[in-house]
Each structure stands twice: as structure tokens, then as C-alpha cells.
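Next comes protein13.txt, a file with compact mmCIF, C-alpha atoms.
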# COMPACT_ATOMS: atom_id res chain seq x y z
CA MET A 85 31.68 54.27 2.83
CA LYS A 86 31.53 57.82 1.56
CA PHE A 87 33.26 58.70 -1.72
CA HIS A 88 34.30 62.26 -2.54
CA ALA A 89 34.51 63.57 -6.05
CA ILE A 90 38.10 63.53 -7.27
CA ASP A 91 39.20 65.74 -10.09
CA ILE A 92 41.69 63.83 -12.18
CA PRO A 93 44.18 66.46 -13.43
CA ASN A 94 45.30 66.49 -16.96
CA GLY A 95 48.99 67.26 -17.48
CA LYS A 96 48.30 70.60 -18.95
CA TYR A 97 47.08 72.26 -15.73
CA THR A 98 48.91 70.31 -12.99
CA GLN A 99 50.29 72.42 -10.20
CA PRO A 100 53.74 71.31 -8.97
CA ASN A 101 52.99 71.67 -5.22
CA ASN A 102 49.96 69.20 -5.38
CA THR A 103 51.54 66.48 -7.54
CA HIS A 104 52.27 63.89 -4.78
CA LYS A 105 48.87 64.32 -3.18
CA LYS A 106 47.07 63.86 -6.47
CA LEU A 107 49.12 60.80 -7.37
CA PHE A 108 48.21 59.24 -4.01
CA LEU A 109 44.52 59.94 -4.54
CA LEU A 110 44.69 58.51 -8.05
CA ALA A 111 46.29 55.30 -6.79
CA LEU A 112 43.69 54.98 -4.01
CA THR A 113 40.87 55.40 -6.50
CA LEU A 114 42.27 52.69 -8.76
CA ILE A 115 42.58 50.28 -5.82
CA LEU A 116 38.95 50.89 -4.79
CA LEU A 117 37.69 50.45 -8.34
CA ILE A 118 39.41 47.06 -8.53
CA THR A 119 38.63 45.66 -5.07
CA ILE A 120 34.93 46.60 -4.75
CA PRO A 121 33.77 44.49 -7.76
CA LEU A 122 35.81 41.57 -6.45
CA CYS A 123 34.08 41.78 -3.09
CA LEU A 124 30.66 41.95 -4.73
CA ASN A 125 31.50 38.93 -6.88
CA ASN A 126 32.44 36.90 -3.81
CA ILE A 127 29.11 37.76 -2.17
CA SER A 128 27.17 36.62 -5.24
CA ASN A 129 28.97 33.24 -5.09
CA SER A 130 28.10 32.68 -1.42
CA PRO A 131 25.98 29.66 -0.41
CA LEU A 132 22.82 31.74 0.11
CA PRO A 133 19.78 30.53 -1.86
CA SER A 134 19.10 32.14 -5.20
CA PRO A 135 15.90 32.32 -7.28
CA LYS A 136 17.28 29.59 -9.55
CA SER A 137 18.01 27.13 -6.77
CA ASN A 138 14.71 25.27 -7.42
CA ALA A 139 15.19 24.97 -11.17
CA GLY A 140 15.90 21.25 -10.89
CA SER A 141 12.68 20.52 -9.02
CA SER A 142 10.63 22.59 -11.47
CA LYS A 143 12.11 20.63 -14.33
CA SER A 144 11.27 17.39 -12.52
CA ILE A 145 7.64 18.42 -12.07
CA GLU A 146 7.39 19.42 -15.72
CA LYS A 147 8.88 16.07 -16.74
CA GLU A 148 6.37 14.20 -14.57
CA ASP A 149 3.48 16.12 -16.14
CA GLN A 150 4.71 15.07 -19.56
CA CYS A 151 5.26 11.44 -18.58
CA GLN A 152 3.93 8.92 -21.06
CA ILE A 153 2.67 6.31 -18.59
CA PHE A 154 1.38 3.97 -21.29
CA SER A 155 4.81 3.18 -22.76
CA GLY A 156 7.23 1.18 -20.67
CA ASN A 157 8.22 -2.25 -19.42
CA TRP A 158 7.44 -4.65 -16.60
CA VAL A 159 10.19 -4.71 -13.99
CA PRO A 160 10.72 -7.10 -11.06
CA TYR A 161 9.00 -6.06 -7.85
CA PRO A 162 10.03 -8.72 -5.32
CA ASP A 163 8.01 -7.16 -2.47
CA GLY A 164 4.75 -7.94 -4.28
CA PRO A 165 1.92 -8.60 -4.14
CA ALA A 166 1.71 -5.02 -2.96
CA TYR A 167 -1.91 -4.67 -1.94
CA TYR A 168 -4.03 -7.74 -1.13
CA THR A 169 -4.29 -11.51 -1.40
CA ASN A 170 -7.14 -13.88 -2.03
CA GLU A 171 -7.29 -14.31 1.76
CA THR A 172 -7.42 -10.60 2.67
CA CYS A 173 -10.02 -9.66 0.04
CA ASN A 174 -13.28 -11.61 0.01
CA LEU A 175 -14.60 -9.79 -3.08
CA ILE A 176 -12.64 -11.87 -5.63
CA ILE A 177 -14.97 -14.05 -7.67
CA ASP A 178 -13.92 -17.64 -8.29
CA GLN A 179 -13.36 -17.00 -12.00
CA GLN A 180 -10.28 -14.89 -11.21
CA ASN A 181 -9.31 -16.38 -7.83
CA CYS A 182 -6.26 -18.21 -9.17
CA MET A 183 -4.52 -18.83 -5.85
CA LYS A 184 -7.63 -20.26 -4.24
CA PHE A 185 -7.81 -22.92 -6.94
CA GLY A 186 -4.21 -23.98 -6.76
CA ARG A 187 -2.11 -21.94 -9.15
CA PRO A 188 1.37 -23.14 -8.13
CA ASP A 189 3.49 -20.14 -9.18
CA THR A 190 3.46 -16.66 -7.63
CA GLU A 191 6.02 -14.79 -9.73
CA PHE A 192 3.26 -13.24 -11.89
CA MET A 193 2.38 -11.09 -8.86
CA THR A 194 5.93 -9.71 -8.45
CA TRP A 195 6.17 -7.35 -11.43
CA ARG A 196 5.28 -3.66 -11.74
CA TRP A 197 4.66 -1.48 -14.78
CA LYS A 198 7.55 0.99 -15.22
CA PRO A 199 6.91 3.83 -17.71
CA ASP A 200 9.94 4.71 -19.82
CA ALA A 201 10.63 8.16 -18.37
CA CYS A 202 8.99 8.26 -14.94
CA GLU A 203 7.50 6.22 -12.11
CA LEU A 204 3.87 5.13 -11.84
CA PRO A 205 2.96 5.66 -8.16
CA LEU A 206 1.60 2.80 -6.12
CA PHE A 207 -2.14 2.75 -5.54
CA ASP A 208 -3.19 4.74 -2.49
CA ALA A 209 -6.68 3.64 -1.46
CA ALA A 210 -7.26 6.50 0.98
CA GLN A 211 -6.22 9.06 -1.62
CA PHE A 212 -8.46 7.47 -4.26
CA LEU A 213 -11.49 7.58 -1.98
CA GLU A 214 -10.90 11.26 -1.22
CA LEU A 215 -10.64 12.11 -4.91
CA VAL A 216 -13.96 10.41 -5.67
CA ARG A 217 -15.84 11.56 -2.59
CA GLY A 218 -19.43 12.32 -3.55
CA LYS A 219 -18.93 10.84 -7.05
CA SER A 220 -19.96 7.72 -8.95
CA LEU A 221 -18.05 5.40 -11.28
CA ALA A 222 -19.42 2.87 -13.79
CA PHE A 223 -17.58 0.10 -15.60
CA LEU A 224 -19.44 -0.15 -18.89
CA GLY A 225 -18.85 -3.17 -21.09
CA ASP A 226 -17.98 -6.84 -20.77
CA SER A 227 -16.56 -9.20 -18.15
CA VAL A 228 -12.99 -7.88 -18.52
CA GLY A 229 -14.32 -4.50 -17.44
CA ARG A 230 -16.01 -6.22 -14.51
CA ASN A 231 -12.61 -7.82 -13.82
CA GLN A 232 -11.15 -4.31 -13.38
CA MET A 233 -14.01 -3.35 -11.07
CA GLN A 234 -13.26 -6.33 -8.84
CA SER A 235 -9.60 -5.34 -8.76
CA LEU A 236 -10.61 -1.85 -7.62
CA LEU A 237 -12.89 -3.25 -4.93
CA CYS A 238 -10.00 -5.27 -3.51
CA LEU A 239 -7.59 -2.34 -3.69
CA LEU A 240 -10.05 -0.17 -1.75
CA ALA A 241 -10.69 -2.99 0.75
CA THR A 242 -7.32 -2.17 2.33
CA VAL A 243 -9.14 0.89 3.73
CA THR A 244 -12.84 0.00 3.78
CA TYR A 245 -15.45 -2.38 2.38
CA PRO A 246 -18.51 -1.21 0.45
CA GLU A 247 -22.15 -2.11 0.91
CA ASP A 248 -23.53 -4.28 -1.89
CA ILE A 249 -26.77 -2.62 -3.02
CA SER A 250 -27.08 -4.46 -6.35
CA HIS A 251 -30.46 -5.97 -5.47
CA LYS A 252 -31.96 -2.49 -5.17
CA TYR A 253 -31.24 -1.72 -8.82
CA SER A 254 -31.44 -4.99 -10.74
CA SER A 255 -32.83 -8.49 -10.56
CA ASN A 256 -29.82 -9.73 -12.54
CA THR A 257 -27.15 -9.18 -9.90
CA ASP A 258 -24.63 -11.47 -11.62
CA TYR A 259 -24.20 -8.93 -14.41
CA PHE A 260 -25.35 -5.64 -12.90
CA LYS A 261 -23.51 -4.92 -9.68
CA ARG A 262 -23.61 -1.76 -7.58
CA TYR A 263 -21.66 -0.91 -4.42
CA VAL A 264 -21.68 2.16 -2.21
CA TYR A 265 -18.97 3.45 0.13
CA ASN A 266 -21.20 5.21 2.61
CA ASP A 267 -18.42 7.07 4.42
CA HIS A 268 -17.38 8.70 1.14
CA ASN A 269 -20.73 8.82 -0.66
CA PHE A 270 -19.03 7.01 -3.54
CA THR A 271 -20.75 4.49 -5.81
CA ILE A 272 -19.21 1.84 -8.08
CA ALA A 273 -21.35 -0.01 -10.62
CA ASN A 274 -21.01 -2.50 -13.43
CA LEU A 275 -23.19 -1.88 -16.51
CA TRP A 276 -23.19 -5.11 -18.51
CA SER A 277 -23.15 -4.37 -22.24
CA PRO A 278 -20.64 -6.54 -24.13
CA TYR A 279 -21.57 -5.03 -27.53
CA LEU A 280 -22.40 -1.45 -26.45
CA VAL A 281 -25.26 -1.52 -28.96
CA LYS A 282 -28.62 -3.27 -29.02
CA SER A 283 -28.28 -7.04 -29.45
CA ARG A 284 -30.41 -10.17 -29.37
CA ASP A 285 -30.09 -13.89 -30.03
CA VAL A 286 -31.06 -14.90 -33.53
CA ASP A 287 -32.19 -18.29 -32.20
CA PRO A 288 -34.65 -17.57 -29.37
CA SER A 289 -34.32 -21.13 -28.07
CA GLY A 290 -30.96 -20.59 -26.43
CA HIS A 291 -27.58 -18.93 -26.18
CA ASP A 292 -24.11 -20.48 -26.20
CA PHE A 293 -20.52 -19.58 -27.07
CA ASN A 294 -21.06 -19.77 -30.83
CA SER A 295 -24.74 -18.97 -31.26
CA LEU A 296 -25.58 -16.30 -33.81
CA MET A 297 -26.31 -12.79 -32.49
CA SER A 298 -27.90 -9.78 -34.17
CA LEU A 299 -26.27 -6.40 -33.55
CA TYR A 300 -28.11 -3.15 -34.29
CA LEU A 301 -25.03 -1.07 -34.88
CA ASP A 302 -26.69 2.36 -34.86
CA GLU A 303 -28.83 1.77 -31.74
CA PRO A 304 -27.28 2.13 -28.26
CA ASP A 305 -27.92 -0.62 -25.73
CA GLU A 306 -30.75 0.36 -23.40
CA ALA A 307 -28.94 -1.44 -20.57
CA TRP A 308 -26.53 1.48 -20.22
CA LEU A 309 -28.44 4.24 -22.01
CA THR A 310 -31.06 4.49 -19.26
CA LEU A 311 -28.46 4.63 -16.45
CA VAL A 312 -25.30 6.33 -17.69
CA GLU A 313 -26.37 9.90 -16.88
CA GLN A 314 -26.22 8.97 -13.19
CA PHE A 315 -22.43 8.61 -13.28
CA ASP A 316 -19.53 11.04 -13.04
CA TYR A 317 -16.95 8.61 -14.45
CA VAL A 318 -17.49 5.85 -17.00
CA ILE A 319 -14.78 3.36 -17.98
CA VAL A 320 -15.66 1.69 -21.29
CA SER A 321 -14.10 -1.58 -22.35
CA VAL A 322 -15.30 -4.27 -24.74
CA GLY A 323 -13.59 -6.56 -27.21
CA HIS A 324 -13.71 -10.32 -27.43
CA TRP A 325 -17.46 -10.70 -27.95
CA PHE A 326 -17.05 -9.15 -31.39
CA PHE A 327 -15.27 -12.28 -32.65
CA ARG A 328 -18.51 -14.28 -32.45
CA PRO A 329 -20.85 -15.00 -35.38
CA LEU A 330 -22.87 -11.80 -35.80
CA ILE A 331 -25.52 -10.37 -38.09
CA TYR A 332 -25.26 -6.61 -38.58
CA HIS A 333 -28.27 -4.29 -38.77
CA GLU A 334 -28.15 -0.58 -39.71
CA ASN A 335 -30.95 1.82 -40.56
CA GLY A 336 -33.52 -0.83 -39.78
CA ARG A 337 -32.23 -3.49 -42.17
CA VAL A 338 -29.68 -6.30 -42.35
CA ILE A 339 -26.51 -5.14 -44.10
CA GLY A 340 -24.32 -8.25 -43.71
CA CYS A 341 -22.64 -10.44 -41.15
CA HIS A 342 -19.46 -11.61 -39.47
CA LYS A 343 -18.66 -15.34 -39.49
CA CYS A 344 -22.33 -16.17 -40.05
CA HIS A 345 -21.84 -18.79 -42.81
CA GLN A 346 -25.04 -17.79 -44.56
CA ASP A 347 -25.57 -17.61 -48.30
CA ASN A 348 -26.15 -14.30 -50.09
CA MET A 349 -24.85 -12.30 -47.13
CA THR A 350 -22.21 -9.58 -47.31
CA LEU A 351 -19.26 -10.52 -45.09
CA PHE A 352 -17.60 -7.93 -42.87
CA VAL A 353 -14.32 -8.04 -40.98
CA THR A 354 -14.38 -8.01 -37.17
CA SER A 355 -13.34 -4.39 -36.87
CA TYR A 356 -16.36 -3.16 -38.85
CA GLY A 357 -18.90 -3.91 -36.14
CA TYR A 358 -16.40 -2.90 -33.47
CA ARG A 359 -15.94 0.53 -35.04
CA LYS A 360 -19.65 1.12 -35.51
CA ALA A 361 -20.42 0.14 -31.91
CA PHE A 362 -17.89 2.61 -30.50
CA ARG A 363 -19.10 5.31 -32.87
CA THR A 364 -22.66 4.84 -31.65
CA LEU A 365 -21.50 4.85 -28.02
CA PHE A 366 -19.45 8.05 -28.27
CA ARG A 367 -22.04 9.91 -30.34
CA THR A 368 -24.77 8.95 -27.90
CA LEU A 369 -22.77 10.02 -24.86
CA GLY A 370 -21.97 13.30 -26.57
CA SER A 371 -25.63 13.98 -27.30
CA LEU A 372 -27.08 13.17 -23.87
CA LYS A 373 -28.25 16.40 -22.26
CA ASN A 374 -27.52 15.37 -18.69
CA TYR A 375 -24.30 13.44 -19.16
CA LYS A 376 -21.35 15.65 -18.18
CA GLY A 377 -19.04 12.93 -16.97
CA VAL A 378 -15.55 11.78 -17.91
CA THR A 379 -15.48 8.77 -20.24
CA PHE A 380 -12.31 6.69 -20.16
CA LEU A 381 -11.69 4.29 -23.02
CA ARG A 382 -9.67 1.43 -21.56
CA THR A 383 -8.17 -0.05 -24.69
CA PHE A 384 -8.36 -3.60 -26.01
CA SER A 385 -7.12 -6.29 -23.63
CA PRO A 386 -5.23 -9.03 -25.54
CA SER A 387 -5.76 -12.72 -24.88
CA HIS A 388 -2.77 -15.08 -24.86
CA PHE A 389 -3.91 -18.48 -26.13
CA GLU A 390 -1.05 -20.72 -27.22
CA ASN A 391 -1.01 -24.29 -28.55
CA GLY A 392 -4.42 -23.79 -30.14
CA ALA A 393 -7.43 -21.50 -30.19
CA TRP A 394 -9.66 -21.03 -27.15
CA ASN A 395 -11.93 -23.91 -28.23
CA GLU A 396 -9.16 -26.10 -29.67
CA GLY A 397 -7.04 -26.88 -26.64
CA GLY A 398 -5.35 -23.49 -26.33
CA ASN A 399 -3.85 -22.50 -22.99
CA CYS A 400 -1.64 -19.89 -21.31
CA VAL A 401 1.01 -21.58 -19.15
CA ARG A 402 3.74 -18.94 -19.11
CA THR A 403 4.97 -17.70 -15.74
CA LYS A 404 6.87 -14.53 -16.75
CA PRO A 405 6.12 -11.41 -18.83
CA PHE A 406 7.24 -11.10 -22.41
CA THR A 407 9.97 -8.65 -23.25
CA LYS A 408 9.37 -6.19 -26.06
CA GLU A 409 11.76 -8.25 -28.20
CA GLU A 410 9.57 -11.35 -27.80
CA THR A 411 6.28 -9.90 -29.03
CA LYS A 412 4.86 -6.85 -30.73
CA LEU A 413 1.53 -5.17 -31.30
CA ASP A 414 0.27 -6.47 -34.63
CA GLY A 415 -2.43 -8.54 -36.28
CA TYR A 416 -5.97 -8.48 -34.93
CA VAL A 417 -4.88 -6.89 -31.63
CA LEU A 418 -3.44 -3.90 -33.47
CA GLU A 419 -6.53 -3.69 -35.69
CA MET A 420 -8.93 -3.67 -32.72
CA TYR A 421 -6.75 -1.21 -30.82
CA LEU A 422 -6.48 1.27 -33.68
CA THR A 423 -10.19 1.03 -34.45
CA GLN A 424 -11.33 2.08 -30.99
CA VAL A 425 -8.64 4.75 -30.58
CA GLU A 426 -9.59 6.33 -33.92
CA GLU A 427 -13.23 6.52 -32.86
CA LEU A 428 -12.26 8.05 -29.51
CA LYS A 429 -10.16 10.72 -31.21
CA ALA A 430 -13.06 11.57 -33.49
CA ALA A 431 -15.33 11.99 -30.45
CA GLU A 432 -12.98 14.04 -28.25
CA GLU A 433 -13.34 17.52 -29.70
CA PRO A 434 -17.12 17.69 -30.12
CA GLY A 435 -17.44 16.05 -26.71
CA LEU A 436 -15.48 18.86 -25.09
CA GLN A 437 -17.74 21.42 -26.69
CA ARG A 438 -20.93 19.82 -25.35
CA GLY A 439 -19.72 18.83 -21.90
CA PRO A 440 -18.56 15.19 -21.72
CA GLN A 441 -14.83 14.53 -21.64
CA PHE A 442 -13.31 11.57 -23.48
CA ARG A 443 -9.95 10.22 -22.29
CA LEU A 444 -7.68 7.38 -23.38
CA MET A 445 -6.55 4.74 -20.86
CA ASP A 446 -4.11 2.95 -23.13
CA THR A 447 -3.31 -0.38 -21.46
CA THR A 448 -2.93 -2.55 -24.57
CA GLU A 449 0.86 -2.45 -24.83
CA ALA A 450 1.33 -3.21 -21.15
CA MET A 451 -1.07 -6.17 -21.17
CA LEU A 452 0.26 -7.59 -24.43
CA LEU A 453 3.45 -8.30 -22.46
CA ARG A 454 1.64 -10.30 -19.72
CA PRO A 455 0.83 -13.82 -20.96
CA ASP A 456 1.47 -14.99 -17.40
CA GLY A 457 -1.40 -13.03 -15.83
CA HIS A 458 -4.42 -15.14 -16.87
CA PRO A 459 -6.28 -17.78 -14.84
CA ASN A 460 -5.66 -20.52 -17.43
CA PHE A 461 -7.26 -23.50 -15.63
CA TYR A 462 -7.04 -21.93 -12.15
CA GLY A 463 -10.32 -20.06 -12.24
CA HIS A 464 -13.74 -21.59 -11.64
CA SER A 465 -17.08 -20.38 -12.95
CA PRO A 466 -20.54 -21.96 -12.86
CA HIS A 467 -21.12 -20.59 -16.39
CA ARG A 468 -17.88 -21.83 -17.96
CA ASN A 469 -16.80 -25.13 -19.46
CA MET A 470 -13.92 -26.10 -17.16
CA THR A 471 -12.15 -27.99 -19.94
CA LEU A 472 -11.47 -24.61 -21.60
CA ALA A 473 -8.60 -22.43 -20.42
CA ASP A 474 -9.31 -18.81 -19.56
CA CYS A 475 -6.62 -16.73 -21.25
CA VAL A 476 -8.83 -13.64 -21.55
CA HIS A 477 -9.52 -12.54 -17.97
CA TRP A 478 -6.87 -11.73 -15.35
CA CYS A 479 -5.95 -13.27 -12.01
CA LEU A 480 -6.59 -11.27 -8.86
CA PRO A 481 -4.25 -10.06 -7.55
CA GLY A 482 -2.26 -9.64 -10.72
CA PRO A 483 -1.25 -7.28 -13.54
CA ILE A 484 -4.79 -5.94 -13.91
CA ASP A 485 -4.25 -4.00 -10.66
CA THR A 486 -2.03 -1.73 -12.76
CA TRP A 487 -5.13 -0.45 -14.57
CA ASN A 488 -6.36 1.09 -11.34
CA GLU A 489 -2.93 2.54 -10.56
CA ILE A 490 -3.26 4.27 -13.94
CA LEU A 491 -6.82 5.34 -13.15
CA LEU A 492 -5.69 6.99 -9.91
CA TYR A 493 -2.80 8.68 -11.74
CA MET A 494 -5.22 10.11 -14.31
CA LEU A 495 -7.65 11.32 -11.64
CA LYS A 496 -4.81 13.12 -9.88
CA LYS A 497 -3.89 14.79 -13.17
CA GLY A 498 -7.27 16.48 -13.23
CA TYR A 499 -9.46 14.25 -15.39
CA ARG A 500 -12.60 15.06 -13.42
CA PRO A 501 -16.12 16.10 -14.30
CA PRO A 502 -16.98 19.82 -14.15

Translate this structure into C-alpha cells?
Amino acid sequence: MKFHAIDIPNGKYTQPNNTHKKLFLLALTLILLITIPLCLNNISNSPLPSPKSNAGSSKSIEKEDQCQIFSGNWVPYPDGPAYYTNETCNLIIDQQNCMKFGRPDTEFMTWRWKPDACELPLFDAAQFLELVRGKSLAFLGDSVGRNQMQSLLCLLATVTYPEDISHKYSSNTDYFKRYVYNDHNFTIANLWSPYLVKSRDVDPSGHDFNSLMSLYLDEPDEAWLTLVEQFDYVIVSVGHWFFRPLIYHENGRVIGCHKCHQDNMTLFVTSYGYRKAFRTLFRTLGSLKNYKGVTFLRTFSPSHFENGAWNEGGNCVRTKPFTKEETKLDGYVLEMYLTQVEELKAAEEPGLQRGPQFRLMDTTEAMLLRPDGHPNFYGHSPHRNMTLADCVHWCLPGPIDTWNEILLYMLKKGYRPP
């Protein structure tokens, strides 16, 4: 449409013979000035996409990135177990093979961890194997860490089985395991080190549940020190061994003990040795020239003995999770948890400057709520007194599979070595 310039007359110079024409033009101009904006407004409200049409999805992505996956609740998941059974995975050891040895209830397998503000995705074995192609992962610590490794092996068995190459690396294949997924050039290993630091039996004649151990709190355990630089990812987890009778050494001398019942010996609380062991671990990893991996601290895993201590008839017979109203993080569990988290935080910043990355895998709250997930008397072990309940380790399948769902989530978020 072509608009011509219209001179709006002022009353002073109006010519009588053009009055009607000018009034008509004035009215036409006013109509156009009113109707054109209305037409443009209608166009802008049409159903055509606008740049802001994806604002909701962007907000959703941002919310997912900020999701606090470690805070939540266990919710019913009636389609479980989601991944495997003791019949479909032949990598479950008898100690955690609860269904094989007659556990009568199955409800403990039908719950999933639900973070407060988002969803934790199910474990995708094919996706995990692609993310770790050409990499290596070590579980460094005690038998609960090995428990997580066995969970991961079963989760991955839905896609492929590994080759057991443990005998090529150690004569003690009960405690030092190594598997390779040849199609993905991916290695999983278990580095047995329940104290993280150098240790030895005080009584050389034998070792049992309550025998006295010496810990050299400022000396890293050679069992992992000589191997850790080979790995791209290291998941560290220790805990319950620190409740034993222990003699503490620092700077080449005895400084005191924990539950040692010896005269003229300074007594330390459990968390003292625990803190020093983690400090030595993190400082050592940060100082190793060739270690550039990602270190995950998987936090303290609570036991759930009731009706007595572990050696006084205690057991764990519950068949459902706790609610948050039924239990809380306190006492020795809170002390152990805070101790290791504080040492991790202290290690994070200098670690980033030198190369290694330190990351928190905070599973303590989730597992505190799962008294139903332990073997109790439905796990067998050639090294365990079968009159004692196992309320420390976790049945497979079971709630421990959530740890590897979290691991995959963290890998997808970019926690990878340079």
C-alpha cells in the first residue's frame, strides 16, 4: 500500500472550495492509523512459533542440571527388579546372593531412589559402556566397595560379560579382581585396601575379627599406591574396619590407639584414624605425577544391626525402607560421614590445580533409609561365621544398584578425566 503525504490544514488557511475533500482525507487517515496497528497485533498473536516458545524446555534442562540427586526418598517401583536376577547374572558372589540362599521376601527389590526435584534415570548399560570406552575404573577400599563393583558387573551383563583377567595381575584373586570388556577396551578392578593406609597385624600369629591392627596413618597403602596411576576413574569407599581395635602410628612412632585396652596409651575416637587415612589418601593422589583421573568419594554406608551389636545377636529383619520420619542421620554415622566429606572438600581445590578431580558421591542418606537391603542370614561366605548376621553388605540385586545409577548420572554430567 502506498501512502501519499497529506497536508493537514489549520483553520487559518483553509480554502472553502477544498473543505469537503480535506475532511474526507482526514477521516481516511484516521481510519488507517487505527486499523493498521490492530492488524499487526493480530498477526503477532497468531499460532506461529516465536523465539520464546522453547522457554519451558530450557527451564527444564536448567532445573535438571541443578538437580540434587543425593536428597530424596525411596518410592515404590512395582516393576522391579529392573535389571537382573540371581539367575540371569552369574557374577553375584554367595555373600550377597540373598535369593539363592532363600530370602523369602522380594519387596526390597521394588523400590527406586527418587530425588526431591527431579528423576534419576534408569541404568543404561549400553550408554555406560560407550561413556567409558577406552577407560579404566577401580574400586578402591573395602568389601562394600567390592559389593558395588559386583553390582556394576551384573548391570553391564545385560549387554555383555567381561573377561576375568585377575590371575594376570595378582595371586590373591579373592581380594584383587580385574575384568576387561574387550569390545570396549574398558577395565574394572578392585583394589583391596580397607584402611587406605599401611597396616599390619600386631600379633603375627593370626588375624580375626577383633585382633589388634597397627595403622601407619601418614603412609599410603602400597596395595593401591603402586597401581592407581593406571586408572581413569577411582571410587573410594571405606568405613567399618575403622571400628576395630587399632594402634595408630604417625611420624614413625606410636601416638595412641582406638579400643586397644592397653595401659599408658592415649585413646582416640574412631573418626581420628578415619580422618587421617582420608587425608593421606587425598594428599597422595594429588601429588602423584601421573595420576590425572577422577576420584569419587562414595560416602559412608550405614549398617542396620538391631536387637544387639554385630557380635551380640544383632540382625536386620526389616522388609521395607525407613521413612525420613523414622530415622535420621546422627551419631557415629553422621560423624563418619562429616569426617570424610570435610577431607574431600579440603582436597578438591588443590587437586583441580594439579590435575586430579575429586567428586562427592553422597549415598549415605539414601542408604540410611534401607535397613531392608542387607543379606542378614541369607548370604554365605567361606570366610564368615554363619551365626552372625550380615547387616553391612547389600543384597544383589538390591538398593546398592542405585549407586551405579548415580555413577552413570555423574559421568553423563561430565565428570571425566582430561

Write out as JSON lines the residues of region 474-496 of chain A that have any atom within 12 Å of an atom of region 402-407 of chain A, one row each with the nearest atom pair and its distance in Å to one decimal, counting all atoms listed in the file, sorted by chain and then rising number.
{"residue": "A:Cys475", "atom": "CA", "partner": "A:Arg402", "partner_atom": "CA", "distance": 10.8}
{"residue": "A:Gly482", "atom": "CA", "partner": "A:Pro405", "partner_atom": "CA", "distance": 11.8}
{"residue": "A:Pro483", "atom": "CA", "partner": "A:Pro405", "partner_atom": "CA", "distance": 10.0}

Leaving out region 488-498 of chain A and any residue of its chain fewer than 2 positions from it, which residues lie within 10 Å of it when counting all atoms listed in the file, given as a PDB file with C-alpha atoms, in the coordinates of the input?
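Written file, selection-v6.pdb:
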ATOM      1  CA  ASP A 149       3.480  16.120 -16.140  1.00  0.00           C
ATOM      2  CA  ILE A 153       2.670   6.310 -18.590  1.00  0.00           C
ATOM      3  CA  PHE A 154       1.380   3.970 -21.290  1.00  0.00           C
ATOM      4  CA  TRP A 197       4.660  -1.480 -14.780  1.00  0.00           C
ATOM      5  CA  LEU A 204       3.870   5.130 -11.840  1.00  0.00           C
ATOM      6  CA  PRO A 205       2.960   5.660  -8.160  1.00  0.00           C
ATOM      7  CA  LEU A 206       1.600   2.800  -6.120  1.00  0.00           C
ATOM      8  CA  PHE A 207      -2.140   2.750  -5.540  1.00  0.00           C
ATOM      9  CA  ASP A 208      -3.190   4.740  -2.490  1.00  0.00           C
ATOM     10  CA  ALA A 209      -6.680   3.640  -1.460  1.00  0.00           C
ATOM     11  CA  GLN A 211      -6.220   9.060  -1.620  1.00  0.00           C
ATOM     12  CA  PHE A 212      -8.460   7.470  -4.260  1.00  0.00           C
ATOM     13  CA  LEU A 213     -11.490   7.580  -1.980  1.00  0.00           C
ATOM     14  CA  LEU A 215     -10.640  12.110  -4.910  1.00  0.00           C
ATOM     15  CA  VAL A 216     -13.960  10.410  -5.670  1.00  0.00           C
ATOM     16  CA  GLN A 232     -11.150  -4.310 -13.380  1.00  0.00           C
ATOM     17  CA  MET A 233     -14.010  -3.350 -11.070  1.00  0.00           C
ATOM     18  CA  SER A 235      -9.600  -5.340  -8.760  1.00  0.00           C
ATOM     19  CA  LEU A 236     -10.610  -1.850  -7.620  1.00  0.00           C
ATOM     20  CA  LEU A 239      -7.590  -2.340  -3.690  1.00  0.00           C
ATOM     21  CA  ILE A 319     -14.780   3.360 -17.980  1.00  0.00           C
ATOM     22  CA  PHE A 380     -12.310   6.690 -20.160  1.00  0.00           C
ATOM     23  CA  ARG A 382      -9.670   1.430 -21.560  1.00  0.00           C
ATOM     24  CA  ARG A 443      -9.950  10.220 -22.290  1.00  0.00           C
ATOM     25  CA  LEU A 444      -7.680   7.380 -23.380  1.00  0.00           C
ATOM     26  CA  MET A 445      -6.550   4.740 -20.860  1.00  0.00           C
ATOM     27  CA  ASP A 446      -4.110   2.950 -23.130  1.00  0.00           C
ATOM     28  CA  THR A 447      -3.310  -0.380 -21.460  1.00  0.00           C
ATOM     29  CA  ILE A 484      -4.790  -5.940 -13.910  1.00  0.00           C
ATOM     30  CA  ASP A 485      -4.250  -4.000 -10.660  1.00  0.00           C
ATOM     31  CA  THR A 486      -2.030  -1.730 -12.760  1.00  0.00           C
ATOM     32  CA  ARG A 500     -12.600  15.060 -13.420  1.00  0.00           C
ATOM     33  CA  PRO A 501     -16.120  16.100 -14.300  1.00  0.00           C
TER      34      PRO A 501
END

- Item | Residues within 8 Å of Ile272 (chain A), only C-alpha atoms, excluding chain neighbours under 5 positions, as a PyMOL selection string | chain A and resi 220-223+233+262-264

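The space separating CA of Leu240 (chain A) from CA of Tyr265 (chain A) comes to 9.8 Å.
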
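Around the coordinate (-10.5, -22.1, -8.9), residues that reach within 9 Å when counting only C-alpha atoms are Asp178, Gln179, Gln180, Asn181, Cys182, Met183, Lys184, Phe185, Gly186, Arg187, Pro459, Phe461, Tyr462, Gly463, His464 and Ser465 of chain A.
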
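From CA of Leu299 (chain A) back to CA of Ile331 (chain A), the distance works out to 6.1 Å.
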
- Query: Which residues come within 12 Å of region 429-434 of chain A, counting all atoms listed in the file, excluding same-chain residues fewer than 3 positions away, as a ChimeraX atom specification?
  - Reply: /A:359,362-371,378-381,422-426,437-444
